[in-house]
$ cat entry-v6.pdb   # PDB, C-alpha atoms
ATOM      1  CA  MET A   1       0.000   0.000   0.000
ATOM      2  CA  THR A   2       1.381   3.413  -0.991
ATOM      3  CA  GLU A   3       1.670   6.298   1.440
ATOM      4  CA  ALA A   4      -1.175   8.113  -0.343
ATOM      5  CA  SER A   5      -3.535   5.139  -0.285
ATOM      6  CA  SER A   6      -2.650   4.496   3.353
ATOM      7  CA  ALA A   7      -3.572   8.079   4.192
ATOM      8  CA  ILE A   8      -6.925   7.703   2.446
ATOM      9  CA  GLU A   9      -7.636   4.400   4.207
ATOM     10  CA  SER A  10      -6.935   6.056   7.553
ATOM     11  CA  THR A  11      -9.727   8.585   7.049
ATOM     12  CA  SER A  12     -13.214   8.031   8.443
ATOM     13  CA  VAL A  13     -16.687   9.114   7.372
ATOM     14  CA  ALA A  14     -19.155  10.181  10.045
ATOM     15  CA  VAL A  15     -22.908  10.551   9.677
ATOM     16  CA  VAL A  16     -23.837  13.678  11.615
ATOM     17  CA  ASN A  17     -26.831  15.758  12.648
ATOM     18  CA  TRP A  18     -27.062  19.276  11.206
ATOM     19  CA  ASP A  19     -27.870  20.948  14.517
ATOM     20  CA  GLU A  20     -24.914  19.334  16.292
ATOM     21  CA  ALA A  21     -22.365  19.559  13.459
ATOM     22  CA  LYS A  22     -23.474  22.823  11.857
ATOM     23  CA  PRO A  23     -20.264  24.757  12.697
ATOM     24  CA  ILE A  24     -17.903  22.319  10.991
ATOM     25  CA  LEU A  25     -20.291  21.525   8.108
ATOM     26  CA  SER A  26     -20.741  25.259   7.509
ATOM     27  CA  HIS A  27     -16.991  25.877   7.681
ATOM     28  CA  VAL A  28     -16.195  23.316   4.962
ATOM     29  CA  ARG A  29     -19.002  24.439   2.672
ATOM     30  CA  ARG A  30     -18.345  28.134   3.215
ATOM     31  CA  THR A  31     -14.664  27.653   2.400
ATOM     32  CA  VAL A  32     -15.328  25.705  -0.808
ATOM     33  CA  PHE A  33     -18.538  27.169  -2.198
ATOM     34  CA  ILE A  34     -18.863  30.723  -0.886
ATOM     35  CA  GLU A  35     -15.243  31.841  -0.581
ATOM     36  CA  GLU A  36     -13.668  29.796  -3.367
ATOM     37  CA  GLN A  37     -16.479  29.422  -5.929
ATOM     38  CA  ARG A  38     -18.289  32.687  -5.134
ATOM     39  CA  VAL A  39     -21.691  31.090  -4.522
ATOM     40  CA  SER A  40     -23.967  33.540  -2.731
ATOM     41  CA  GLU A  41     -24.986  33.028   0.901
ATOM     42  CA  ALA A  42     -28.654  32.889  -0.109
ATOM     43  CA  GLU A  43     -28.061  30.106  -2.624
ATOM     44  CA  GLU A  44     -25.805  28.032  -0.366
ATOM     45  CA  TRP A  45     -27.949  27.805   2.736
ATOM     46  CA  GLY A  46     -31.506  26.500   2.819
ATOM     47  CA  GLU A  47     -34.112  24.805   4.947
ATOM     48  CA  ARG A  48     -33.295  21.356   3.543
ATOM     49  CA  ASP A  49     -30.082  21.197   5.573
ATOM     50  CA  ALA A  50     -31.972  21.130   8.862
ATOM     51  CA  ARG A  51     -34.664  18.622   7.836
ATOM     52  CA  ASP A  52     -34.809  15.400   9.829
ATOM     53  CA  ASP A  53     -34.712  13.305   6.644
ATOM     54  CA  THR A  54     -31.524  14.971   5.315
ATOM     55  CA  THR A  55     -28.339  12.998   6.030
ATOM     56  CA  HIS A  56     -25.023  14.813   6.448
ATOM     57  CA  PHE A  57     -21.537  13.325   6.115
ATOM     58  CA  LEU A  58     -18.120  14.479   7.301
ATOM     59  CA  LEU A  59     -14.803  13.135   6.002
ATOM     60  CA  LYS A  60     -12.147  13.211   8.712
ATOM     61  CA  THR A  61      -8.437  12.568   9.039
ATOM     62  CA  ALA A  62      -6.913  11.930  12.459
ATOM     63  CA  ASN A  63      -6.725  15.660  13.165
ATOM     64  CA  HIS A  64      -8.932  17.514  10.691
ATOM     65  CA  THR A  65     -12.298  17.508   8.938
ATOM     66  CA  ILE A  66     -11.484  17.780   5.240
ATOM     67  CA  GLY A  67     -14.780  17.174   3.461
ATOM     68  CA  ALA A  68     -18.548  17.204   3.694
ATOM     69  CA  ALA A  69     -21.636  16.155   1.770
ATOM     70  CA  ARG A  70     -25.333  15.595   2.260
ATOM     71  CA  MET A  71     -28.061  13.318   0.929
ATOM     72  CA  LEU A  72     -31.694  14.380   0.680
ATOM     73  CA  ALA A  73     -34.577  12.016   1.321
ATOM     74  CA  ASN A  74     -35.157  11.642  -2.435
ATOM     75  CA  GLY A  75     -31.673  10.150  -2.955
ATOM     76  CA  GLN A  76     -29.928  13.289  -4.208
ATOM     77  CA  ILE A  77     -26.311  13.656  -3.140
ATOM     78  CA  GLY A  78     -25.274  17.283  -2.879
ATOM     79  CA  ARG A  79     -23.027  19.897  -1.300
ATOM     80  CA  MET A  80     -20.072  17.595  -1.933
ATOM     81  CA  ALA A  81     -17.035  19.586  -0.800
ATOM     82  CA  ILE A  82     -13.370  18.678  -0.256
ATOM     83  CA  LEU A  83     -10.929  21.296   1.044
ATOM     84  CA  LYS A  84      -8.596  22.456  -1.723
ATOM     85  CA  GLU A  85      -5.342  21.018  -0.369
ATOM     86  CA  TYR A  86      -6.848  17.521  -0.306
ATOM     87  CA  ARG A  87      -8.303  17.441  -3.822
ATOM     88  CA  GLY A  88      -6.973  15.232  -6.582
ATOM     89  CA  LYS A  89      -5.653  12.686  -4.087
ATOM     90  CA  GLY A  90      -8.600  10.304  -3.834
ATOM     91  CA  TYR A  91     -10.265  11.720  -0.733
ATOM     92  CA  GLY A  92     -13.373  12.849  -2.596
ATOM     93  CA  LEU A  93     -13.870   9.409  -4.106
ATOM     94  CA  ARG A  94     -13.421   7.906  -0.638
ATOM     95  CA  LEU A  95     -16.294  10.046   0.646
ATOM     96  CA  LEU A  96     -18.502   9.346  -2.369
ATOM     97  CA  LYS A  97     -17.992   5.574  -2.125
ATOM     98  CA  ASP A  98     -18.820   5.587   1.563
ATOM     99  CA  ILE A  99     -22.065   7.477   0.939
ATOM    100  CA  ILE A 100     -23.059   4.978  -1.757
ATOM    101  CA  GLU A 101     -22.250   1.959   0.403
ATOM    102  CA  ARG A 102     -24.146   3.335   3.397
ATOM    103  CA  THR A 103     -27.132   4.055   1.161
ATOM    104  CA  LEU A 104     -27.116   0.552  -0.331
ATOM    105  CA  ALA A 105     -26.960  -0.961   3.167
ATOM    106  CA  THR A 106     -29.839   1.230   4.357
ATOM    107  CA  GLN A 107     -31.928   0.277   1.330
ATOM    108  CA  TYR A 108     -31.416  -3.402   2.087
ATOM    109  CA  LYS A 109     -32.460  -2.993   5.730
ATOM    110  CA  THR A 110     -35.534  -0.873   4.982
ATOM    111  CA  GLY A 111     -36.540  -2.489   1.698
ATOM    112  CA  ASP A 112     -37.071   0.960   0.172
ATOM    113  CA  ALA A 113     -35.763   1.390  -3.371
ATOM    114  CA  LEU A 114     -34.018   4.731  -3.841
ATOM    115  CA  ASP A 115     -32.613   6.305  -6.996
ATOM    116  CA  ILE A 116     -29.207   7.786  -6.190
ATOM    117  CA  PHE A 117     -28.486  10.911  -8.250
ATOM    118  CA  LEU A 118     -26.794  14.296  -8.141
ATOM    119  CA  HIS A 119     -26.345  17.551 -10.015
ATOM    120  CA  ALA A 120     -22.679  17.797 -10.937
ATOM    121  CA  GLN A 121     -20.747  20.880 -11.885
ATOM    122  CA  THR A 122     -19.631  20.141 -15.439
ATOM    123  CA  GLN A 123     -15.958  20.336 -14.514
ATOM    124  CA  ALA A 124     -16.585  17.624 -11.896
ATOM    125  CA  ILE A 125     -18.316  15.155 -14.242
ATOM    126  CA  PRO A 126     -15.146  13.010 -14.756
ATOM    127  CA  PHE A 127     -14.819  12.692 -10.975
ATOM    128  CA  TYR A 128     -18.387  11.435 -10.547
ATOM    129  CA  GLU A 129     -17.987   9.101 -13.512
ATOM    130  CA  LYS A 130     -15.191   7.393 -11.553
ATOM    131  CA  GLY A 131     -17.781   6.792  -8.840
ATOM    132  CA  GLY A 132     -20.139   5.084 -11.298
ATOM    133  CA  PHE A 133     -22.460   7.984 -12.140
ATOM    134  CA  LYS A 134     -23.607   8.702 -15.693
ATOM    135  CA  ALA A 135     -24.622  12.104 -17.036
ATOM    136  CA  SER A 136     -27.944  12.662 -18.783
ATOM    137  CA  GLY A 137     -30.069  15.510 -20.059
ATOM    138  CA  GLU A 138     -29.224  19.068 -20.948
ATOM    139  CA  GLN A 139     -26.761  21.302 -19.178
ATOM    140  CA  PHE A 140     -28.315  23.818 -16.750
ATOM    141  CA  ILE A 141     -27.149  26.671 -14.534
ATOM    142  CA  ASP A 142     -27.279  26.444 -10.733
ATOM    143  CA  ALA A 143     -25.797  29.173  -8.534
ATOM    144  CA  GLY A 144     -24.240  30.622 -11.672
ATOM    145  CA  ILE A 145     -22.314  27.404 -12.406
ATOM    146  CA  PRO A 146     -23.009  24.963 -15.309
ATOM    147  CA  HIS A 147     -24.334  21.581 -14.110
ATOM    148  CA  LYS A 148     -25.605  18.287 -15.491
ATOM    149  CA  ALA A 149     -27.796  15.665 -13.866
ATOM    150  CA  MET A 150     -26.054  12.368 -13.138
ATOM    151  CA  GLY A 151     -27.528   9.088 -11.940
ATOM    152  CA  LEU A 152     -26.094   5.916 -10.464
ATOM    153  CA  VAL A 153     -27.029   2.624 -12.105
ATOM    154  CA  VAL A 154     -26.299  -0.266  -9.755
ATOM    155  CA  ASP A 155     -25.586  -3.244 -11.999
ATOM    156  CA  ARG A 156     -22.933  -5.947 -12.241
ATOM    157  CA  THR A 157     -20.459  -3.635 -13.974
ATOM    158  CA  PHE A 158     -20.899  -1.023 -11.254
ATOM    159  CA  LEU A 159     -20.486  -3.587  -8.469
ATOM    160  CA  GLU A 160     -17.280  -4.994  -9.951
ATOM    161  CA  THR A 161     -15.871  -1.516 -10.576
ATOM    162  CA  HIS A 162     -16.950  -0.085  -7.228
ATOM    163  CA  TYR A 163     -15.710  -2.933  -5.034
ATOM    164  CA  GLY A 164     -12.998  -4.288  -7.347
ATOM    165  CA  ASP A 165     -11.370  -7.414  -5.971
ATOM    166  CA  SER A 166     -11.531  -6.129  -2.400
ATOM    167  CA  VAL A 167     -12.311  -8.685   0.283
ATOM    168  CA  LEU A 168     -15.273  -7.252   2.206
ATOM    169  CA  ARG A 169     -15.394  -8.772   5.690
ATOM    170  CA  LEU A 170     -18.928  -9.631   6.794
ATOM    171  CA  SER A 171     -20.218 -10.545  10.244
ATOM    172  CA  SER A 172     -24.012 -10.211  10.362
ATOM    173  CA  ALA A 173     -27.104 -11.552   8.628
ATOM    174  CA  ASP A 174     -27.842  -8.072   7.264
ATOM    175  CA  GLU A 175     -24.379  -7.761   5.706
ATOM    176  CA  PHE A 176     -24.510 -11.207   4.130
ATOM    177  CA  GLY A 177     -28.074 -10.624   2.968
ATOM    178  CA  GLN A 178     -27.267  -7.275   1.389
ATOM    179  CA  HIS A 179     -24.363  -8.567  -0.676
ATOM    180  CA  LEU A 180     -26.125 -11.789  -1.638
ATOM    181  CA  SER A 181     -29.098  -9.726  -2.829
ATOM    182  CA  GLN A 182     -26.872  -7.270  -4.714
ATOM    183  CA  ALA A 183     -24.924 -10.027  -6.447
ATOM    184  CA  ALA A 184     -27.945 -12.187  -7.315
ATOM    185  CA  SER A 185     -30.181  -9.355  -8.502
ATOM    186  CA  ASN A 186     -27.459  -8.138 -10.877
ATOM    187  CA  ALA A 187     -26.213 -11.517 -12.114
ATOM    188  CA  SER A 188     -26.998 -12.431 -15.692
ATOM    189  CA  ARG A 189     -27.236 -16.228 -15.668
ATOM    190  CA  THR A 190     -26.040 -18.452 -12.835
ATOM    191  CA  LEU A 191     -26.117 -18.881  -9.071
ATOM    192  CA  GLN A 192     -24.697 -21.788  -7.104
ATOM    193  CA  ILE A 193     -25.419 -22.067  -3.386
ATOM    194  CA  PHE A 194     -23.764 -24.515  -0.999
ATOM    195  CA  CYS A 195     -24.919 -24.296   2.605
ATOM    196  CA  ARG A 196     -25.911 -26.312   5.636
ATOM    197  CA  HIS A 197     -29.704 -26.139   5.812
ATOM    198  CA  LEU A 198     -30.868 -22.864   4.252
ATOM    199  CA  ASN A 199     -31.195 -20.960   7.532
ATOM    200  CA  PRO A 200     -34.321 -18.853   6.836
ATOM    201  CA  THR A 201     -32.895 -15.826   8.662
ATOM    202  CA  LEU A 202     -30.564 -15.367   5.700
ATOM    203  CA  TRP A 203     -31.621 -17.576   2.812
ATOM    204  CA  GLY A 204     -35.329 -16.960   3.374
ATOM    205  CA  SER A 205     -35.300 -13.186   3.713
ATOM    206  CA  HIS A 206     -37.631 -11.238   1.445
ATOM    207  CA  SER A 207     -34.824  -9.365  -0.317
ATOM    208  CA  VAL A 208     -32.726 -12.473  -0.935
ATOM    209  CA  VAL A 209     -35.640 -14.518  -2.302
ATOM    210  CA  ASN A 210     -36.740 -11.647  -4.545
ATOM    211  CA  ALA A 211     -33.199 -11.256  -5.906
ATOM    212  CA  ILE A 212     -32.910 -14.982  -6.662
ATOM    213  CA  SER A 213     -36.365 -14.979  -8.233
ATOM    214  CA  ALA A 214     -35.363 -12.093 -10.507
ATOM    215  CA  LEU A 215     -32.263 -13.978 -11.614
ATOM    216  CA  ALA A 216     -34.229 -17.166 -12.308
ATOM    217  CA  ARG A 217     -36.708 -15.239 -14.459
ATOM    218  CA  ARG A 218     -34.083 -13.194 -16.293
ATOM    219  CA  SER A 219     -33.373 -15.625 -19.107
ATOM    220  CA  ARG A 220     -34.351 -19.040 -20.378
ATOM    221  CA  ASN A 221     -30.707 -19.933 -19.713
ATOM    222  CA  SER A 222     -30.803 -18.863 -16.063
ATOM    223  CA  LYS A 223     -29.736 -21.623 -13.691
ATOM    224  CA  VAL A 224     -29.895 -21.662  -9.891
ATOM    225  CA  HIS A 225     -28.418 -24.762  -8.228
ATOM    226  CA  ILE A 226     -28.798 -25.147  -4.456
ATOM    227  CA  LEU A 227     -26.886 -27.867  -2.600
ATOM    228  CA  ILE A 228     -27.607 -28.335   1.110
ATOM    229  CA  GLN A 229     -26.000 -30.631   3.636
ATOM    230  CA  ASP A 230     -29.109 -31.411   5.702
ATOM    231  CA  SER A 231     -32.748 -31.127   4.655
ATOM    232  CA  SER A 232     -34.361 -32.323   7.903
ATOM    233  CA  ALA A 233     -34.842 -28.824   9.330
ATOM    234  CA  ILE A 234     -36.786 -27.531   6.316
ATOM    235  CA  ILE A 235     -38.894 -30.525   5.287
ATOM    236  CA  GLY A 236     -42.562 -29.720   5.794
ATOM    237  CA  THR A 237     -41.949 -26.010   6.259
ATOM    238  CA  SER A 238     -42.958 -23.111   4.059
ATOM    239  CA  HIS A 239     -39.422 -21.937   3.398
ATOM    240  CA  PRO A 240     -39.807 -19.206   0.740
ATOM    241  CA  LEU A 241     -36.723 -20.249  -1.214
ATOM    242  CA  ILE A 242     -37.867 -23.875  -1.322
ATOM    243  CA  THR A 243     -41.309 -22.734  -2.459
ATOM    244  CA  LEU A 244     -39.694 -20.627  -5.186
ATOM    245  CA  THR A 245     -37.621 -23.617  -6.314
ATOM    246  CA  GLN A 246     -40.728 -25.795  -6.507
ATOM    247  CA  ARG A 247     -42.539 -23.234  -8.645
ATOM    248  CA  MET A 248     -39.601 -22.575 -10.951
ATOM    249  CA  ASN A 249     -38.209 -26.101 -11.215
ATOM    250  CA  SER A 250     -37.166 -25.659 -14.842
ATOM    251  CA  ARG A 251     -34.548 -23.091 -13.796
ATOM    252  CA  MET A 252     -33.990 -23.853 -10.112
ATOM    253  CA  THR A 253     -32.869 -27.183  -8.659
ATOM    254  CA  ILE A 254     -32.151 -28.251  -5.090
ATOM    255  CA  ARG A 255     -30.194 -31.319  -4.052
ATOM    256  CA  VAL A 256     -29.098 -32.740  -0.691
ATOM    257  CA  LEU A 257     -25.617 -33.987   0.145
ATOM    258  CA  ASP A 258     -25.387 -37.736   0.746
ATOM    259  CA  LYS A 259     -25.133 -38.642   4.442
ATOM    260  CA  GLU A 260     -21.830 -40.440   4.089
ATOM    261  CA  THR A 261     -20.217 -37.317   2.632
ATOM    262  CA  THR A 262     -18.047 -35.329   5.033
ATOM    263  CA  THR A 263     -19.875 -32.223   6.232
ATOM    264  CA  GLN A 264     -18.360 -28.780   5.810
ATOM    265  CA  GLU A 265     -18.379 -25.740   8.070
ATOM    266  CA  HIS A 266     -17.984 -23.360   5.172
ATOM    267  CA  ALA A 267     -20.717 -22.274   2.789
ATOM    268  CA  TYR A 268     -20.825 -20.063  -0.277
ATOM    269  CA  ALA A 269     -22.822 -18.516  -3.087
ATOM    270  CA  ILE A 270     -21.295 -17.899  -6.526
ATOM    271  CA  THR A 271     -22.903 -15.698  -9.175
ATOM    272  CA  ASP A 272     -21.901 -15.731 -12.839
ATOM    273  CA  GLN A 273     -18.733 -17.664 -11.971
ATOM    274  CA  ARG A 274     -17.144 -14.408 -10.718
ATOM    275  CA  GLN A 275     -18.724 -13.031  -7.531
ATOM    276  CA  LEU A 276     -18.138 -14.963  -4.322
ATOM    277  CA  LEU A 277     -20.012 -14.764  -1.026
ATOM    278  CA  PHE A 278     -18.131 -17.022   1.380
ATOM    279  CA  PHE A 279     -18.894 -18.157   4.929
ATOM    280  CA  ASN A 280     -15.881 -19.310   6.912
ATOM    281  CA  ASN A 281     -18.454 -20.582   9.379
ATOM    282  CA  GLU A 282     -22.095 -20.318   8.368
ATOM    283  CA  GLU A 283     -23.462 -20.695  11.904
ATOM    284  CA  ASP A 284     -21.268 -17.884  13.264
ATOM    285  CA  LEU A 285     -21.944 -15.628  10.274
ATOM    286  CA  SER A 286     -18.307 -14.893   9.588
ATOM    287  CA  GLY A 287     -16.944 -14.560   6.083
ATOM    288  CA  PHE A 288     -16.501 -12.199   3.155
ATOM    289  CA  MET A 289     -17.742 -10.950  -0.210
ATOM    290  CA  ASN A 290     -15.558 -10.499  -3.286
ATOM    291  CA  TYR A 291     -17.167  -9.136  -6.455
ATOM    292  CA  CYS A 292     -14.250 -10.058  -8.693
ATOM    293  CA  ALA A 293     -12.876 -13.472  -7.717
ATOM    294  CA  PRO A 294     -12.960 -15.756 -10.785
ATOM    295  CA  GLY A 295     -10.002 -17.824  -9.563
ATOM    296  CA  GLU A 296     -11.484 -18.624  -6.170
ATOM    297  CA  CYS A 297     -14.867 -19.218  -7.785
ATOM    298  CA  ARG A 298     -13.350 -21.737 -10.199
ATOM    299  CA  THR A 299     -11.902 -23.823  -7.353
ATOM    300  CA  LEU A 300     -15.176 -23.834  -5.415
ATOM    301  CA  MET A 301     -17.213 -24.526  -8.546
ATOM    302  CA  ASP A 302     -15.104 -27.634  -9.198
ATOM    303  CA  GLU A 303     -15.848 -28.766  -5.630
ATOM    304  CA  PHE A 304     -19.528 -27.944  -6.062
ATOM    305  CA  GLU A 305     -19.784 -29.809  -9.370
ATOM    306  CA  ARG A 306     -18.206 -32.957  -7.909
ATOM    307  CA  MET A 307     -20.606 -32.983  -4.982
ATOM    308  CA  TRP A 308     -23.577 -32.158  -7.208
ATOM    309  CA  ARG A 309     -22.855 -34.988  -9.654
ATOM    310  CA  TYR A 310     -21.468 -37.735  -7.437
ATOM    311  CA  SER A 311     -22.329 -37.089  -3.772
ATOM    312  CA  SER A 312     -25.863 -35.681  -3.666
ATOM    313  CA  HIS A 313     -29.444 -36.670  -4.353
ATOM    314  CA  THR A 314     -32.872 -35.176  -4.843
ATOM    315  CA  ASP A 315     -35.170 -35.272  -1.816
ATOM    316  CA  PRO A 316     -38.801 -35.925  -2.817
ATOM    317  CA  ASN A 317     -39.961 -34.221   0.372
ATOM    318  CA  LEU A 318     -38.632 -30.913  -0.998
ATOM    319  CA  ALA A 319     -40.707 -31.273  -4.156
ATOM    320  CA  GLN A 320     -44.001 -31.023  -2.257
ATOM    321  CA  ILE A 321     -45.509 -27.589  -2.031
ATOM    322  CA  HIS A 322     -46.753 -26.848   1.494
ATOM    323  CA  ILE A 323     -49.535 -24.327   1.816
TER
END
$ encode --input "entry-v6.pdb" --output "structure tokens"
Amino acid sequence: MTEASSAIESTSVAVVNWDEAKPILSHVRRTVFIEEQRVSEAEEWGERDARDDTTHFLLKTANHTIGAARMLANGQIGRMAILKEYRGKGYGLRLLKDIIERTLATQYKTGDALDIFLHAQTQAIPFYEKGGFKASGEQFIDAGIPHKAMGLVVDRTFLETHYGDSVLRLSSADEFGQHLSQAASNASRTLQIFCRHLNPTLWGSHSVVNAISALARRSRNSKVHILIQDSSAIIGTSHPLITLTQRMNSRMTIRVLDKETTTQEHAYAITDQRQLLFFNNEEDLSGFMNYCAPGECRTLMDEFERMWRYSSHTDPNLAQIHI
């Protein structure tokens, strides 16, 4: 890791309340917009800052606050400001990525879909493009400065670009569920799941089942293969993922590992042979997500294929739809 990247990694992003953090938020924005860019006081400040549904962010080093931004309830990111001496070094992208990731996590927990967009100064369009935003529409003037609308499209390309081959450590059902949903809902063709017994807290959540359903319906070539180690806990239950498999049996198949096969503590889900959600220990909910891991996926897919072909069977009890 270079000295510059180490410095960026050492920064932190804080979600703050306007009333409590107004002095430092105002200082950063006044320095950048009013003093440097000559935006008028009347155009910079408004009632939306103090609204309960407006979220404010501060980017901090060990000793200083160097950036700020806000997100309105409608998903618009705005007032993105980085102090001049820190620009062009990756700090702005660090702040933008954090805002996006926090928003995606919040959307998963609440179930509320939110379009993420912003109005970019035209000179800043290349910066926001690095963050995954795409410009659209005609140029317009805001506070005397040319702008264009930009929106974020969360798809497989965005996920791979945004996260790269980073190993994202996960330790809760919400974290695993969010990344499983993101990967499955943006996959184009395949999903392979190997797990113990499809714990409904994770594998049966509304968001996860909807994401897998969308993948199964995406193409006539879509394939979802689910391999579980023990079916006893879910036989006779109305597990939503089992029900989905029963109703879409031309594109979704579930098999059970033979009893004489050695059980595994690990579990995983692989989408499109590239994205890997891995549980070091499924019961403890410890593991990681990697959106660009074709090599690791290949090794696990070989393991999966061997078990699927030679060490597993269909369970007729899982073919019965329970009302």
$ resolve_selection --input "entry-v6.pdb" --expression "the PyMOL selection byres ((chain A and resi 55-57) around 9)" --output "CSV table (one decimal) with C-alpha atoms, in the coordinates of the input"
chain,number,residue,atom,x,y,z
A,13,VAL,CA,-16.7,9.1,7.4
A,14,ALA,CA,-19.2,10.2,10.0
A,15,VAL,CA,-22.9,10.6,9.7
A,16,VAL,CA,-23.8,13.7,11.6
A,17,ASN,CA,-26.8,15.8,12.6
A,18,TRP,CA,-27.1,19.3,11.2
A,21,ALA,CA,-22.4,19.6,13.5
A,25,LEU,CA,-20.3,21.5,8.1
A,49,ASP,CA,-30.1,21.2,5.6
A,51,ARG,CA,-34.7,18.6,7.8
A,52,ASP,CA,-34.8,15.4,9.8
A,53,ASP,CA,-34.7,13.3,6.6
A,54,THR,CA,-31.5,15.0,5.3
A,58,LEU,CA,-18.1,14.5,7.3
A,59,LEU,CA,-14.8,13.1,6.0
A,67,GLY,CA,-14.8,17.2,3.5
A,68,ALA,CA,-18.5,17.2,3.7
A,69,ALA,CA,-21.6,16.2,1.8
A,70,ARG,CA,-25.3,15.6,2.3
A,71,MET,CA,-28.1,13.3,0.9
A,72,LEU,CA,-31.7,14.4,0.7
A,73,ALA,CA,-34.6,12.0,1.3
A,95,LEU,CA,-16.3,10.0,0.6
A,99,ILE,CA,-22.1,7.5,0.9
$ residues_around --input "entry-v6.pdb" --residues "Lys97 of chain A" --least-positions-apart "6" --cutoff "12 Å" --atoms "only C-alpha atoms" --output "MDAnalysis selection string"
chainID A and resid 12:13 57 59 69 77 90:91 103:104 127:133 152 158:159 161:163
$ residues_around --input "entry-v6.pdb" --residues "Ile254 of chain A" --least-positions-apart "4" --cutoff "8 Å" --atoms "all atoms listed in the file" --output "JSON, numbers by chain"
{"A": [225, 226, 227, 228, 245, 314]}
$ atom_distance --input "entry-v6.pdb" --atom1 "atom CA of Ala269 of chain A" --atom2 "atom CA of Arg102 of chain A"
22.8 Å
$ resolve_selection --input "entry-v6.pdb" --expression "the PyMOL selection byres ((chain A and resi 310) around 12)" --output "PyMOL selection string"
chain A and resi 255-258+260-261+303-309+311-314
$ closest_residue --input "entry-v6.pdb" --among "A:Asn74, A:Ser286, A:Ser26, A:Thr243" --to "Tyr268 of chain A" --atoms "all atoms listed in the file"
A:Ser286
$ resolve_selection --input "entry-v6.pdb" --expression "the PyMOL selection byres ((chain A and resi 221) around 9)" --output "JSON, numbers by chain"
{"A": [189, 190, 216, 218, 219, 220, 222, 223, 251]}
$ closest_residue --input "entry-v6.pdb" --among "A:Ile66, A:Met289, A:Ala50, A:Leu114" --to "Glu85 of chain A" --atoms "all atoms listed in the file"
A:Ile66
$ closest_residue --input "entry-v6.pdb" --among "A:Arg196, A:Trp203, A:Thr65, A:Gly177" --to "Thr262 of chain A" --atoms "only C-alpha atoms"
A:Arg196
$ residues_near_point --input "entry-v6.pdb" --point "(-33.6, -9.5, 5.0)" --cutoff "10 Å" --atoms "all atoms listed in the file" --output "MDAnalysis selection string"
chainID A and resid 108:111 173:178 181 200:209
$ residues_around --input "entry-v6.pdb" --residues "Arg247 of chain A" --least-positions-apart "5" --cutoff "10 Å" --atoms "all atoms listed in the file" --output "MDAnalysis selection string"
chainID A and resid 241:242 252 319 321
$ residues_around --input "entry-v6.pdb" --residues "Gly164 of chain A" --least-positions-apart "2" --cutoff "12 Å" --atoms "all atoms listed in the file" --output "MDAnalysis selection string"
chainID A and resid 156:162 166:168 274:275 289:294
$ closest_residue --input "entry-v6.pdb" --among "A:Ala113, A:Leu318, A:Leu93, A:Ile235" --to "Thr253 of chain A" --atoms "all atoms listed in the file"
A:Leu318
$ residues_near_point --input "entry-v6.pdb" --point "(-19.9, 35.3, -11.1)" --cutoff "10 Å" --atoms "only C-alpha atoms" --output "list in words"
Gln37, Arg38, Val39, Ser40, Ala143, Gly144 and Ile145 of chain A
$ closest_residue --input "entry-v6.pdb" --among "A:Met80, A:Ile234, A:Ile100, A:Met150" --to "Leu118 of chain A" --atoms "all atoms listed in the file"
A:Met150
$ closest_residue --input "entry-v6.pdb" --among "A:Ala120, A:Glu296, A:Phe288, A:Thr263" --to "Gly137 of chain A" --atoms "all atoms listed in the file"
A:Ala120
$ atom_distance --input "entry-v6.pdb" --atom1 "atom CA of Thr31 of chain A" --atom2 "atom CA of Leu83 of chain A"
7.5 Å
$ atom_distance --input "entry-v6.pdb" --atom1 "atom CA of Ser136 of chain A" --atom2 "atom CA of Ala124 of chain A"
14.2 Å
